[in-house]
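Read through the structure below, which is laid out as structure tokens, and then see the notes.
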Amino acid sequence: MSPIPKTAPFAEEEIDLLNRVVGTASPVQRAWLAGFLAGLDASGATLVPAHPAAPARPAEPLTIVYASESGNSEKLAGDLAKAARKNGLKPTLIDMADLELSALTAAKRLVVIAATWGEGEPPARATRAYNELIGEGAPRLDGVEFGVLALGDTAYAEFCAIGKKIDERLAALGGKRVADRVDCDLDYAEPAARWIGDAVKALAPPNAGRVIEVDFGAKPAAAPSTDIFEAEITEHVDLNSSRSDKETIHLALSFEGGAPAYEPGDSLDLYPENDPAYVDELLKIAGLAGDEKLRTEFTKSRDVTTLSLKTVETYASSTGHQYVKALLDQGQAREWIAGRQLIDLIATFPIALDADKLRALTRPLAPRAYSIASSRREVGDEAHLLISAVRYESQGRARKGVASNYVAEGLKRGGHVRVKLKPNKHFALPATDKDVIMVGPGTGVAPFRAFVQERRATEAKGRSWLFFGDRTFTHDFLYQLDWQDALKDGSLTRMDVAFSRDTPEKVYVQHKLWERRADLIQWLEGGAYFYVCGDAKAMAKDVRAALVRAYADVKGLSPEAAEQAVVTLEREKRYLQDTY
Ligand SMILES: Cc1cc2nc3c(=O)[nH]c(=O)nc-3n(C[C@H](O)[C@H](O)[C@H](O)COP(=O)(O)OP(=O)(O)OC[C@H]3O[C@@H](n4cnc5c(N)ncnc54)[C@H](O)[C@@H]3O)c2cc1C
Ligand SMILES: Cc1cc2nc3c(=O)[nH]c(=O)nc-3n(C[C@H](O)[C@H](O)[C@H](O)COP(=O)(O)O)c2cc1C
């Protein structure tokens, strides 16, 4: 925006002040201000300063960077911005996906709220900027006052690794830590709110008296409800054949009074209960069998399976168990907990426990996210989920994932389940005339069923191309009939499949991308959007690597230039991931 001219009917320092406030305002903020002042004139009222005695001064800038994948850090960054405004600060929110490091050098005060994903990795879309910050070329940040809030999950060995690294890095680059880092577990709401309050106090300018404060905090008119809904299960179908070694449940939910206002790409958080048989065994091993109240509490609301380093430490300190202490002292606990659950700790190192001691070893039972596999424009007030039952064996014991087996074994048609909408505006469909390429093996295909339904309902002109994969064509072709129908009616233009166990050599979606590389690059050069959903550990990385190689091969680029081509897609928000 051009600055307010010196000829404006204000004193020089007032023009300066206006430029500082209005010059950096967003279009929405400017439109609000224009409307507000016009309304004031029309009503004949005058704007009276709240405290005429104190001279006004502009709010001090605060840069807030968030590195988020499923939206928690992003939401907290918004909360922080609101609190900052009330304390004499003028926040600028930056998604780490869009961060240029020069914004940090220009910052006087900086807060980073960062989640950790994968196995100690940054959220996918924050990777580029994170690597630049950690890399040798990062600029000095001498004197920048900063604080870091880390989000994570103690169930992961690399608990809050990214927040920790960013915190260390900002200090190493010369930043001045004014708020100590807090590492939050899944039940982050309270500690995060406390940290935000403390950080704002630490960062607020001294004597933050009267400031020019404009509350732009009004909620966008149509923010969807993120309340917990109780949904009825109207379909509960295993999409694998009875001869498959997998079980993937198609769950149709209906909502009395209307489904939450979800969009394709959003997920539902599902609130599970524990397997009562597991809880019984745990209570028996702990010597607490027969305590019905505890049994109900543990089944419904405590995480009784996760075994973290923190759990082992709590066990050692609350019981004084010699061998557990030794495990910690000798630095072997981290290795020992891999593939084990809480039940193994108590079974291996038994000691008398009371209910409080056992409860202290657990945390609240967290919901699990599931991509929505339907479009409201096609299914009305329903929402569909696609849930793969997690079952494996480790340390000689059969294990079951809590939520997926709660769904697969504990729920049936006619039953009810509690869910909450988890919007994801970073994994949304583009304009209807744009082409989309969707890579979704296994349950990763769920959001693409929503995409295809939406494109049908909106009569989208853009083409759509799906890459799907699973174990076998005969037993594991999830939603096969849906795809056939979609290919027939044109809502799906093209589909490539990879069934890894149908051929002597394993074929995965990344191999199909490579086979189709000429067309793939042509679609992307024509402006197509590229979506990846599903396994984060191997698939998402292999898919990205295949795309880099495809660019190199088809366009005759060096590996570096091909990597840049994919980075450009990411920067243009045409390479979008929702992986787990
Ligand atoms: C945004 C998002 C969308 C998602 N969408 C879907 C979806 O559409 N469909 C879907 O099915 N899932 C989806 N998930 C995954 C889902 O949220 C759960 O993580 C999954 O269902 C497992 O939950 P659970 O409670 O059954 O298992 P948990 O009780 O949480 O147990 C899982 C844990 O068991 C351990 N484990 C699992 N397998 C093994 C093994 N072979 N060996 C050793 N340890 C192992 C690991 O520690 C793992 O973290 C999504 C996740 C996210 C974040
Ligand atoms: C697939 C997956 C991998 C994760 N990996 C880690 C990890 O390695 N370390 C950690 O502390 N937390 C890990 N987490 C937990 C997230 O950091 C946590 O859910 C956080 O609140 C997400 O914040 P966001 O919504 O801002 O992305 C992982 C979560 C998921 C779903």
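The way I read the labels, and the way they are meant: chains A, B, ... in the order of the structure tokens, residue 1 as the first residue of every chain, and ligand 1 as the first ligand shown, with later ones counted on from there.
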
Which chain A residues have any atom within 7 Å of an atom of ligand 2, and for each, what is the nearest pair of atoms with distance in Å to one decimal, counting only C-alpha atoms and all ligand atoms, rows sorted by chain and number, as a tab-separated table?
residue	atom	partner	partner_atom_place_in_ligand_line	distance
A:Ala67	CA	ligand 2	26 (O)	6.4
A:Ser68	CA	ligand 2	26 (O)	3.5
A:Glu69	CA	ligand 2	27 (O)	3.4
A:Ser70	CA	ligand 2	25 (O)	3.4
A:Gly71	CA	ligand 2	25 (O)	3.8
A:Asn72	CA	ligand 2	25 (O)	3.5
A:Ser73	CA	ligand 2	26 (O)	3.6
A:Glu74	CA	ligand 2	26 (O)	5.8
A:Ala114	CA	ligand 2	26 (O)	6.6
A:Ala115	CA	ligand 2	17 (O)	4.4
A:Thr116	CA	ligand 2	17 (O)	4.1
A:Trp117	CA	ligand 2	5 (N)	3.5
A:Gly118	CA	ligand 2	3 (C)	4.1
A:Glu119	CA	ligand 2	8 (O)	3.7
A:Gly120	CA	ligand 2	8 (O)	3.7
A:Glu121	CA	ligand 2	8 (O)	6.2
A:Pro123	CA	ligand 2	27 (O)	6.2
A:Leu151	CA	ligand 2	20 (C)	5.0
A:Gly152	CA	ligand 2	11 (O)	3.2
A:Asp153	CA	ligand 2	12 (N)	4.0
A:Thr154	CA	ligand 2	11 (O)	5.8
A:Tyr156	CA	ligand 2	9 (N)	4.8
A:Ala157	CA	ligand 2	8 (O)	6.5
A:Glu158	CA	ligand 2	9 (N)	4.7
A:Phe159	CA	ligand 2	11 (O)	3.3
A:Cys160	CA	ligand 2	11 (O)	3.7
A:Ala161	CA	ligand 2	11 (O)	6.1
A:Leu186	CA	ligand 2	21 (O)	5.6
A:Ala536	CA	ligand 2	1 (C)	6.6
A:Thr579	CA	ligand 2	1 (C)	6.8
A:Tyr580	CA	ligand 2	1 (C)	3.6

Among range 296-431 of chain A, which residues does DSSP mark as strand (DSSP E or B) when it is run on the backbone? Keep the chain and numbering as in the structure and answer as a ChimeraX atom specification. /A:302-303,363-364,368-372,382-388,391-394,397-400,416-422

Could you please determine the separation between CA of Lys176 in chain A and CA of Arg85 in chain A in Å, to one decimal place?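 Atom-to-atom, CA of Lys176 in chain A and CA of Arg85 in chain A are spaced 21.7 Å apart.
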
Using the chain letters and numbers from this document, which residues of range 378-464 of chain A does DSSP assign to alpha helix (DSSP H), as a PyMOL selection string? chain A and resi 378-379+402-405+446-457

Please report as a Markdown table every residue of chain A lying within 9 Å of ligand 1, along with the nearest atom pair and their distance in Å (one decimal), using only C-alpha atoms and all ligand atoms.
| residue | atom | partner | partner_atom_place_in_ligand_line | distance |
| --- | --- | --- | --- | --- |
| A:Glu69 | CA | ligand 1 | 1 (C) | 8.1 |
| A:Ser70 | CA | ligand 1 | 1 (C) | 6.0 |
| A:Ala155 | CA | ligand 1 | 47 (O) | 7.2 |
| A:Tyr156 | CA | ligand 1 | 47 (O) | 7.5 |
| A:Thr248 | CA | ligand 1 | 11 (O) | 7.3 |
| A:Ile249 | CA | ligand 1 | 11 (O) | 8.3 |
| A:Asp266 | CA | ligand 1 | 1 (C) | 8.2 |
| A:Ser267 | CA | ligand 1 | 3 (C) | 6.2 |
| A:Leu268 | CA | ligand 1 | 3 (C) | 8.1 |
| A:Asp269 | CA | ligand 1 | 17 (O) | 7.9 |
| A:Leu270 | CA | ligand 1 | 17 (O) | 8.4 |
| A:Pro272 | CA | ligand 1 | 25 (O) | 7.6 |
| A:Asn274 | CA | ligand 1 | 29 (O) | 8.8 |
| A:Asp303 | CA | ligand 1 | 29 (O) | 8.8 |
| A:Thr305 | CA | ligand 1 | 29 (O) | 6.9 |
| A:Thr306 | CA | ligand 1 | 29 (O) | 7.6 |
| A:Ala338 | CA | ligand 1 | 43 (C) | 7.9 |
| A:Gly339 | CA | ligand 1 | 43 (C) | 5.1 |
| A:Arg340 | CA | ligand 1 | 44 (N) | 8.0 |
| A:Ala366 | CA | ligand 1 | 25 (O) | 8.8 |
| A:Pro367 | CA | ligand 1 | 17 (O) | 8.0 |
| A:Arg368 | CA | ligand 1 | 17 (O) | 4.2 |
| A:Ala369 | CA | ligand 1 | 17 (O) | 4.0 |
| A:Tyr370 | CA | ligand 1 | 5 (N) | 3.5 |
| A:Ser371 | CA | ligand 1 | 8 (O) | 4.0 |
| A:Ile372 | CA | ligand 1 | 8 (O) | 6.8 |
| A:Ala373 | CA | ligand 1 | 8 (O) | 7.5 |
| A:Leu385 | CA | ligand 1 | 8 (O) | 6.3 |
| A:Leu386 | CA | ligand 1 | 9 (N) | 5.1 |
| A:Ile387 | CA | ligand 1 | 11 (O) | 3.6 |
| A:Ser388 | CA | ligand 1 | 11 (O) | 4.0 |
| A:Ala389 | CA | ligand 1 | 26 (O) | 6.3 |
| A:Val390 | CA | ligand 1 | 26 (O) | 5.2 |
| A:Arg391 | CA | ligand 1 | 38 (N) | 6.6 |
| A:Tyr392 | CA | ligand 1 | 41 (N) | 5.0 |
| A:Glu393 | CA | ligand 1 | 42 (N) | 6.7 |
| A:Ser394 | CA | ligand 1 | 43 (C) | 6.2 |
| A:Arg399 | CA | ligand 1 | 34 (O) | 7.9 |
| A:Lys400 | CA | ligand 1 | 29 (O) | 6.6 |
| A:Gly401 | CA | ligand 1 | 27 (O) | 3.2 |
| A:Val402 | CA | ligand 1 | 25 (O) | 3.7 |
| A:Ala403 | CA | ligand 1 | 25 (O) | 3.6 |
| A:Ser404 | CA | ligand 1 | 26 (O) | 3.6 |
| A:Asn405 | CA | ligand 1 | 26 (O) | 5.8 |
| A:Tyr406 | CA | ligand 1 | 26 (O) | 7.6 |
| A:Val407 | CA | ligand 1 | 26 (O) | 8.5 |
| A:Lys422 | CA | ligand 1 | 1 (C) | 8.4 |
| A:Asn424 | CA | ligand 1 | 1 (C) | 8.5 |
| A:Gly442 | CA | ligand 1 | 9 (N) | 8.3 |
| A:Thr443 | CA | ligand 1 | 9 (N) | 4.8 |
| A:Gly444 | CA | ligand 1 | 8 (O) | 6.2 |
| A:Val445 | CA | ligand 1 | 8 (O) | 7.7 |
| A:Ala446 | CA | ligand 1 | 8 (O) | 5.5 |
| A:Pro447 | CA | ligand 1 | 8 (O) | 7.3 |
| A:Cys533 | CA | ligand 1 | 3 (C) | 8.3 |
| A:Gly534 | CA | ligand 1 | 5 (N) | 7.2 |
| A:Asp535 | CA | ligand 1 | 14 (N) | 8.7 |
| A:Asp578 | CA | ligand 1 | 1 (C) | 6.1 |
| A:Thr579 | CA | ligand 1 | 2 (C) | 6.5 |
| A:Tyr580 | CA | ligand 1 | 53 (C) | 4.9 |

Which of these residues is nearest to Asp489 in chain A, using only C-alpha atoms: A:Arg456, A:Arg128, A:Arg334, A:Lys420?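 Among the listed residues, the smallest separation from Asp489 in chain A belongs to A:Arg456.
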
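Using only C-alpha atoms, the smallest distance between any of A:Val548, A:Val554, A:Leu173, A:Ala286 and Leu569 in chain A comes from A:Val548.
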
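Of the listed residues (A:Tyr531, A:Trp523, A:Arg471, A:Leu104), A:Arg471 comes nearest to Lys506 in chain A; the distances count only C-alpha atoms.
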
Quick one: everything within 7 Å of range 258-264 of chain A, counting only C-alpha atoms, minus sequence neighbours fewer than 6 positions away in the same chain. Send it as an mmCIF file with N, CA, C and O atoms, in the first residue's frame.
data_model
loop_
_atom_site.group_PDB
_atom_site.id
_atom_site.type_symbol
_atom_site.label_atom_id
_atom_site.label_comp_id
_atom_site.auth_asym_id
_atom_site.auth_seq_id
_atom_site.Cartn_x
_atom_site.Cartn_y
_atom_site.Cartn_z
ATOM 1 N N PRO A 224 -16.436 -23.307 11.239
ATOM 2 C CA PRO A 224 -17.228 -24.494 11.524
ATOM 3 C C PRO A 224 -17.121 -24.898 12.991
ATOM 4 O O PRO A 224 -16.121 -24.607 13.645
ATOM 5 N N SER A 225 -18.150 -25.567 13.487
ATOM 6 C CA SER A 225 -18.144 -25.968 14.885
ATOM 7 C C SER A 225 -17.125 -27.085 15.111
ATOM 8 O O SER A 225 -17.045 -28.042 14.343
ATOM 9 N N SER A 375 -17.890 -36.380 0.801
ATOM 10 C CA SER A 375 -18.182 -34.959 0.619
ATOM 11 C C SER A 375 -19.631 -34.726 1.038
ATOM 12 O O SER A 375 -20.529 -35.484 0.647
ATOM 13 N N ASP A 381 -25.928 -35.205 5.392
ATOM 14 C CA ASP A 381 -25.523 -35.088 6.792
ATOM 15 C C ASP A 381 -24.790 -36.313 7.328
ATOM 16 O O ASP A 381 -24.928 -36.669 8.490
ATOM 17 N N GLU A 382 -24.011 -36.946 6.471
ATOM 18 C CA GLU A 382 -23.187 -38.074 6.932
ATOM 19 C C GLU A 382 -21.723 -37.688 6.841
ATOM 20 O O GLU A 382 -21.361 -36.702 6.204
ATOM 21 N N LEU A 421 -14.734 -32.315 14.705
ATOM 22 C CA LEU A 421 -14.156 -31.895 13.423
ATOM 23 C C LEU A 421 -12.765 -31.308 13.609
ATOM 24 O O LEU A 421 -12.529 -30.502 14.496
ATOM 25 N N PRO A 423 -10.550 -29.344 11.169
ATOM 26 C CA PRO A 423 -10.411 -28.787 9.816
ATOM 27 C C PRO A 423 -8.950 -28.761 9.372
ATOM 28 O O PRO A 423 -8.047 -28.675 10.196
ATOM 29 N N ALA A 428 -6.770 -28.709 1.010
ATOM 30 C CA ALA A 428 -8.083 -28.475 0.396
ATOM 31 C C ALA A 428 -7.985 -28.582 -1.125
ATOM 32 O O ALA A 428 -6.896 -28.463 -1.692
ATOM 33 N N PRO A 447 -9.186 -39.372 1.947
ATOM 34 C CA PRO A 447 -9.607 -38.010 1.575
ATOM 35 C C PRO A 447 -9.874 -37.880 0.083
ATOM 36 O O PRO A 447 -10.635 -37.001 -0.339
ATOM 37 N N ALA A 450 -13.336 -38.314 -0.814
ATOM 38 C CA ALA A 450 -14.044 -37.046 -0.586
ATOM 39 C C ALA A 450 -13.797 -36.089 -1.757
ATOM 40 O O ALA A 450 -14.718 -35.418 -2.239
ATOM 41 N N PHE A 451 -12.545 -36.024 -2.219
ATOM 42 C CA PHE A 451 -12.208 -35.118 -3.331
ATOM 43 C C PHE A 451 -13.025 -35.473 -4.581
ATOM 44 O O PHE A 451 -13.585 -34.600 -5.247
#

Leaving out Ile134 in chain A and any residue of its chain fewer than 5 positions from it, which residues lie within 10 Å of it when counting only C-alpha atoms, given as number ranges by chain? A: 129, 165-166, 168-170, 173

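The nearest approach to Lys434 in chain A among the residues A:Lys82, A:Arg574, A:Lys300, A:Arg20, with only C-alpha atoms taken into account, belongs to A:Arg574.
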
Extract, using only C-alpha atoms, all DNA, RNA and protein residues at most 9 Å from Leu93 in chain A, discarding same-chain residues fewer than 2 positions from it, and format them as a count of residues only. 10
